[in-house]
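Student: Could you have a look at this structure, given as structure tokens, before my questions?
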Amino acid sequence: MKVLFTVNGYPPREAAGTELYARDLAAAISGEACLMVFCRTVDRSLPEHSLVRDVVEGSRVVRMVNNVAGALDPERYYSDPKADAIFKGLLDEFRPDIVHIHHLMGLSGGIVAAAKDAGIPVVVTLHDYWFICP
């Protein structure tokens with residue numbers, strides 16, 4: 001089974017509760033699933049929406065640079081068409097069987113619709129109140 005995680009950050013660059021939970025779950029399912037992680041990262045040396053690819057504990061990780069330039073813009077905070085397009089490209093590249101959303105902060109709420117439009121089942125783990133914060 002191929003699983004695509006989305007999370008607002010991923011170790012070792014970001015390591016708070018949601019990120020550590022996603023990493024631990026990735027480790028727990030690694031023997032049963034092929035995993036890719038799509039997350040955001042802050043890297044002021046790179047332009048917005050650049051991709052940084054690496055492998056963490058056997059999982060492919062694609063980090064999209066979001067230097068929080070739109071943090072005060074409610075539209076950009078919850079919807080980022082460029083992030084949606086990047087995610088759609090990852091769906092085509094990886095062809096997951098399921099998308100597991102851990103968090104979308106720094107990514108885009110449009111990711112849910114993109115996965116659904118592609119006919120891919122979506123599971124969401126609610127780690128906090130980000131989805132209903134406004």
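A note on labels: chains of the structure tokens are A, B, ... as shown, every chain counts residues from 1, and ligands are counted from 1 in their shown order.
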For Tyr78 (chain A), work out the shell of residues within 6 Å, counting only C-alpha atoms and skipping chain neighbours fewer than 2 positions away, then give it as JSON, numbers by chain.

Tutor: {"A": [75, 76, 108, 109]}

Student: With a cut-off of 6 Å, could you pull out the residues of region 20-134 of chain A touching region 4-9 of chain A and give me the nearest pair of atoms for each, distance in Å to one decimal, using only C-alpha atoms, ordered by chain and ascending number, as JSON lines?

Tutor:
```
{"residue": "A:Leu35", "atom": "CA", "partner": "A:Leu4", "partner_atom": "CA", "distance": 5.9}
{"residue": "A:Met36", "atom": "CA", "partner": "A:Leu4", "partner_atom": "CA", "distance": 4.9}
{"residue": "A:Val37", "atom": "CA", "partner": "A:Phe5", "partner_atom": "CA", "distance": 4.7}
{"residue": "A:Phe38", "atom": "CA", "partner": "A:Thr6", "partner_atom": "CA", "distance": 4.8}
{"residue": "A:Cys39", "atom": "CA", "partner": "A:Val7", "partner_atom": "CA", "distance": 5.0}
{"residue": "A:Arg40", "atom": "CA", "partner": "A:Gly9", "partner_atom": "CA", "distance": 5.4}
{"residue": "A:Pro96", "atom": "CA", "partner": "A:Leu4", "partner_atom": "CA", "distance": 5.9}
{"residue": "A:Val99", "atom": "CA", "partner": "A:Leu4", "partner_atom": "CA", "distance": 4.8}
{"residue": "A:His100", "atom": "CA", "partner": "A:Phe5", "partner_atom": "CA", "distance": 4.8}
{"residue": "A:Ile101", "atom": "CA", "partner": "A:Thr6", "partner_atom": "CA", "distance": 4.8}
{"residue": "A:His102", "atom": "CA", "partner": "A:Val7", "partner_atom": "CA", "distance": 5.0}
{"residue": "A:His103", "atom": "CA", "partner": "A:Val7", "partner_atom": "CA", "distance": 4.4}
{"residue": "A:Leu104", "atom": "CA", "partner": "A:Asn8", "partner_atom": "CA", "distance": 5.8}
{"residue": "A:Met105", "atom": "CA", "partner": "A:Asn8", "partner_atom": "CA", "distance": 5.3}
{"residue": "A:Gly106", "atom": "CA", "partner": "A:Asn8", "partner_atom": "CA", "distance": 6.0}
```

Student: Grab the residues selected above and save them as a short mmCIF file (atom, residue, chain, number, x, y, z; two decimals), in the first residue's frame with all heavy atoms.

Tutor:
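And here is the file that came out, result.cif:
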```cif
data_model
loop_
_atom_site.label_atom_id
_atom_site.label_comp_id
_atom_site.auth_asym_id
_atom_site.auth_seq_id
_atom_site.Cartn_x
_atom_site.Cartn_y
_atom_site.Cartn_z
N LEU A 35 5.79 4.91 1.89
CA LEU A 35 5.32 6.19 2.40
C LEU A 35 6.04 7.35 1.75
O LEU A 35 7.25 7.32 1.52
CB LEU A 35 5.55 6.24 3.91
CG LEU A 35 5.02 7.46 4.64
CD1 LEU A 35 3.50 7.46 4.66
CD2 LEU A 35 5.55 7.49 6.05
N MET A 36 5.25 8.40 1.45
CA MET A 36 5.80 9.70 1.07
C MET A 36 5.17 10.73 2.00
O MET A 36 4.00 10.62 2.36
CB MET A 36 5.48 10.07 -0.38
CG MET A 36 5.98 11.45 -0.79
SD MET A 36 5.49 11.94 -2.46
CE MET A 36 6.85 11.22 -3.38
N VAL A 37 5.97 11.71 2.40
CA VAL A 37 5.51 12.77 3.28
C VAL A 37 5.61 14.09 2.52
O VAL A 37 6.65 14.41 1.96
CB VAL A 37 6.36 12.86 4.57
CG1 VAL A 37 5.91 14.01 5.45
CG2 VAL A 37 6.33 11.54 5.32
N PHE A 38 4.51 14.85 2.51
CA PHE A 38 4.50 16.21 1.95
C PHE A 38 4.29 17.16 3.11
O PHE A 38 3.32 17.05 3.86
CB PHE A 38 3.37 16.36 0.93
CG PHE A 38 3.26 17.74 0.34
CD1 PHE A 38 4.37 18.38 -0.21
CD2 PHE A 38 2.04 18.40 0.31
CE1 PHE A 38 4.26 19.65 -0.77
CE2 PHE A 38 1.92 19.67 -0.25
CZ PHE A 38 3.03 20.29 -0.80
N CYS A 39 5.24 18.07 3.29
CA CYS A 39 5.17 19.00 4.40
C CYS A 39 5.71 20.36 3.99
O CYS A 39 6.24 20.51 2.90
CB CYS A 39 5.94 18.46 5.60
SG CYS A 39 7.71 18.25 5.32
N ARG A 40 5.58 21.31 4.86
CA ARG A 40 6.17 22.63 4.62
C ARG A 40 7.41 22.76 5.48
O ARG A 40 7.58 22.05 6.48
CB ARG A 40 5.18 23.75 4.87
CG ARG A 40 4.81 23.95 6.32
CD ARG A 40 5.57 25.12 6.93
NE ARG A 40 5.37 25.10 8.37
CZ ARG A 40 6.34 24.85 9.25
NH1 ARG A 40 7.55 24.59 8.86
NH2 ARG A 40 6.09 24.86 10.54
N PRO A 96 -0.60 7.49 -4.70
CA PRO A 96 -0.90 6.83 -3.43
C PRO A 96 -2.25 6.12 -3.45
O PRO A 96 -3.15 6.48 -4.21
CB PRO A 96 -0.93 7.99 -2.43
CG PRO A 96 -1.35 9.16 -3.25
CD PRO A 96 -0.70 8.95 -4.60
N VAL A 99 -4.47 9.07 1.16
CA VAL A 99 -3.82 10.28 1.67
C VAL A 99 -4.22 10.41 3.14
O VAL A 99 -5.40 10.38 3.47
CB VAL A 99 -4.25 11.53 0.88
CG1 VAL A 99 -3.73 12.80 1.55
CG2 VAL A 99 -3.77 11.45 -0.56
N HIS A 100 -3.22 10.51 4.00
CA HIS A 100 -3.47 10.70 5.44
C HIS A 100 -3.03 12.11 5.79
O HIS A 100 -1.83 12.42 5.79
CB HIS A 100 -2.69 9.67 6.25
CG HIS A 100 -3.01 9.72 7.71
ND1 HIS A 100 -2.71 8.69 8.56
CD2 HIS A 100 -3.61 10.66 8.49
CE1 HIS A 100 -3.10 9.00 9.79
NE2 HIS A 100 -3.65 10.20 9.76
N ILE A 101 -4.00 12.94 6.10
CA ILE A 101 -3.72 14.33 6.45
C ILE A 101 -3.56 14.44 7.97
O ILE A 101 -4.47 14.11 8.72
CB ILE A 101 -4.85 15.25 5.96
CG1 ILE A 101 -4.88 15.23 4.43
CG2 ILE A 101 -4.69 16.67 6.50
CD1 ILE A 101 -6.06 15.92 3.81
N HIS A 102 -2.38 14.90 8.36
CA HIS A 102 -2.12 15.17 9.78
C HIS A 102 -2.31 16.65 10.06
O HIS A 102 -2.80 17.02 11.12
CB HIS A 102 -0.70 14.75 10.16
CG HIS A 102 -0.53 13.27 10.18
ND1 HIS A 102 -0.89 12.51 11.25
CD2 HIS A 102 -0.07 12.42 9.24
CE1 HIS A 102 -0.65 11.23 10.98
NE2 HIS A 102 -0.16 11.16 9.76
N HIS A 103 -1.90 17.49 9.13
CA HIS A 103 -2.08 18.93 9.28
C HIS A 103 -1.90 19.57 7.91
O HIS A 103 -1.19 19.03 7.06
CB HIS A 103 -1.05 19.50 10.25
CG HIS A 103 -1.61 20.58 11.12
ND1 HIS A 103 -2.12 21.75 10.62
CD2 HIS A 103 -1.76 20.65 12.47
CE1 HIS A 103 -2.55 22.50 11.63
NE2 HIS A 103 -2.34 21.84 12.77
N LEU A 104 -2.54 20.72 7.72
CA LEU A 104 -2.40 21.44 6.46
C LEU A 104 -1.88 22.86 6.65
O LEU A 104 -1.74 23.60 5.69
CB LEU A 104 -3.75 21.48 5.72
CG LEU A 104 -4.25 20.12 5.23
CD1 LEU A 104 -5.63 20.26 4.61
CD2 LEU A 104 -3.27 19.50 4.25
N MET A 105 -1.58 23.24 7.88
CA MET A 105 -1.03 24.57 8.13
C MET A 105 0.28 24.73 7.35
O MET A 105 1.15 23.86 7.39
CB MET A 105 -0.77 24.77 9.62
CG MET A 105 -0.30 26.18 9.96
SD MET A 105 -0.24 26.49 11.74
CE MET A 105 0.94 25.26 12.28
N GLY A 106 0.38 25.82 6.62
CA GLY A 106 1.56 26.06 5.80
C GLY A 106 1.50 25.37 4.46
O GLY A 106 2.39 25.53 3.63
#
```

Student: Taking into account only C-alpha atoms, which residue in the set A:Val42, A:Ala118, A:Leu51, A:Val3 is nearest to Ile29 (chain A)?

Tutor: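 Under the stated criterion, the closest residue is A:Val3.
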
Student: Could you pull out the strand (DSSP E or B) residues of region 76-133 of chain A from DSSP and send them as a ChimeraX atom specification?

Tutor: /A:98-101,122-124

Student: Could you turn the residues from that selection into a file that holds N, CA and C atoms, as a JSON list (two decimals), in the first residue's frame?

Tutor:
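So the final result, stored in again_7.json, reads:
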```json
[["chain", "number", "residue", "atom", "x", "y", "z"],
["A", 98, "ILE", "N", -3.90, 5.99, -0.55],
["A", 98, "ILE", "CA", -4.62, 6.76, 0.45],
["A", 98, "ILE", "C", -3.79, 7.98, 0.82],
["A", 99, "VAL", "N", -4.47, 9.07, 1.16],
["A", 99, "VAL", "CA", -3.82, 10.28, 1.67],
["A", 99, "VAL", "C", -4.22, 10.41, 3.14],
["A", 100, "HIS", "N", -3.22, 10.51, 4.00],
["A", 100, "HIS", "CA", -3.47, 10.70, 5.44],
["A", 100, "HIS", "C", -3.03, 12.11, 5.79],
["A", 101, "ILE", "N", -4.00, 12.94, 6.10],
["A", 101, "ILE", "CA", -3.72, 14.33, 6.45],
["A", 101, "ILE", "C", -3.56, 14.44, 7.97],
["A", 122, "VAL", "N", -9.28, 9.77, 1.62],
["A", 122, "VAL", "CA", -8.59, 10.70, 2.53],
["A", 122, "VAL", "C", -8.96, 10.37, 3.97],
["A", 123, "VAL", "N", -7.95, 10.31, 4.82],
["A", 123, "VAL", "CA", -8.14, 10.16, 6.26],
["A", 123, "VAL", "C", -7.52, 11.39, 6.90],
["A", 124, "VAL", "N", -8.23, 11.96, 7.87],
["A", 124, "VAL", "CA", -7.70, 13.13, 8.58],
["A", 124, "VAL", "C", -7.58, 12.80, 10.05]]
```

Student: Check the smallest atom-to-atom distance from each of A:His127, A:Gly110, A:Asp117, A:Pro12 to Asp54 (chain A) using only C-alpha atoms, then report the winner.

Tutor: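 Nearest to Asp54 (chain A): A:Pro12.
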
Student: Name the closest residue to Val68 (chain A) among the candidates A:His49, A:Arg95, A:Lys2, A:Arg23; distances are taken between atoms, counting only C-alpha atoms.

Tutor: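 Comparing A:His49, A:Arg95, A:Lys2, A:Arg23 against Val68 (chain A), the winner is A:His49.
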
Student: For a test of reading the model, state the distance in Å between CA of Ala113 (chain A) and CA of Lys88 (chain A), rounded to one decimal.

Tutor: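 Distance reported for this atom pair: 10.2 Å.
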
Student: Using only C-alpha atoms, which of the listed residues (A:Leu107, A:Leu91, A:Ala26, A:Cys34) sits closest to Arg63 (chain A)?

Tutor: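 Using only C-alpha atoms, Arg63 (chain A) sits closest to A:Leu107.
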
Student: Any idea what the distance is between CA of Lys82 (chain A) and CA of Glu48 (chain A)?

Tutor: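 Answer for the CA of Lys82 (chain A) to CA of Glu48 (chain A) separation: 9.6 Å.
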
Student: Nearest to Ser79 (chain A): which of A:Val62, A:Val112, A:Val55, A:Ile120 is it, counting only C-alpha atoms?

Tutor: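 Looking only at the distances to Ser79 (chain A), the closest residue turns out to be A:Val112.
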
Student: Which parts of chain A does DSSP call helix (DSSP H, G or I) when run on the backbone here, written out as number ranges by chain?

Tutor: A: 17-29, 74-78, 81-94, 110-117, 130-132

Student: Put those residues in a file: C-alpha atoms, as a short mmCIF file (atom, residue, chain, number, x, y, z; two decimals), in the first residue's frame.

Tutor:
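Everything below was put into result31.cif:
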```cif
data_model
loop_
_atom_site.label_atom_id
_atom_site.label_comp_id
_atom_site.auth_asym_id
_atom_site.auth_seq_id
_atom_site.Cartn_x
_atom_site.Cartn_y
_atom_site.Cartn_z
CA GLY A 17 3.88 17.12 18.68
CA THR A 18 2.13 16.66 15.32
CA GLU A 19 5.39 16.19 13.49
CA LEU A 20 6.67 13.61 15.97
CA TYR A 21 3.35 11.75 15.89
CA ALA A 22 3.48 11.58 12.08
CA ARG A 23 7.09 10.36 12.18
CA ASP A 24 6.25 7.69 14.75
CA LEU A 25 3.25 6.52 12.73
CA ALA A 26 5.42 6.40 9.61
CA ALA A 27 7.89 4.19 11.47
CA ALA A 28 5.08 1.95 12.71
CA ILE A 29 3.67 1.31 9.22
CA PRO A 74 -6.47 34.60 5.68
CA GLU A 75 -6.85 33.54 2.05
CA ARG A 76 -3.23 32.43 1.73
CA TYR A 77 -3.24 30.91 5.22
CA TYR A 78 -5.96 28.42 4.31
CA PRO A 81 -3.16 27.43 -5.26
CA LYS A 82 0.58 26.92 -5.80
CA ALA A 83 0.70 24.38 -2.96
CA ASP A 84 -2.39 22.68 -4.43
CA ALA A 85 -0.64 22.37 -7.81
CA ILE A 86 2.49 20.95 -6.18
CA PHE A 87 0.39 18.43 -4.29
CA LYS A 88 -1.45 17.39 -7.48
CA GLY A 89 1.95 16.80 -9.06
CA LEU A 90 2.94 14.57 -6.13
CA LEU A 91 -0.31 12.60 -6.54
CA ASP A 92 0.62 11.97 -10.19
CA GLU A 93 4.22 11.11 -9.29
CA PHE A 94 3.58 8.85 -6.28
CA GLY A 110 -7.33 22.64 -1.16
CA ILE A 111 -5.30 19.47 -0.69
CA VAL A 112 -8.39 17.64 0.56
CA ALA A 113 -10.33 18.43 -2.63
CA ALA A 114 -7.33 17.59 -4.81
CA ALA A 115 -7.10 14.08 -3.34
CA LYS A 116 -10.86 13.57 -3.52
CA ASP A 117 -10.95 14.81 -7.15
CA TRP A 130 -6.66 24.53 12.87
CA PHE A 131 -9.48 23.48 10.53
CA ILE A 132 -12.06 25.48 12.48
#
```

Student: Quick one: distance from CA of Tyr129 (chain A) to CA of Asp97 (chain A) in Å, one decimal?

Tutor: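 Distance reported for this atom pair: 26.6 Å.
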
Student: Please determine, counting only C-alpha atoms, which residue among A:Leu126, A:Met64, A:Ala69, A:Met1 has the shortest atom-to-atom distance to Glu32 (chain A).

Tutor: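 For Glu32 (chain A), the nearest of the given residues is A:Met1.
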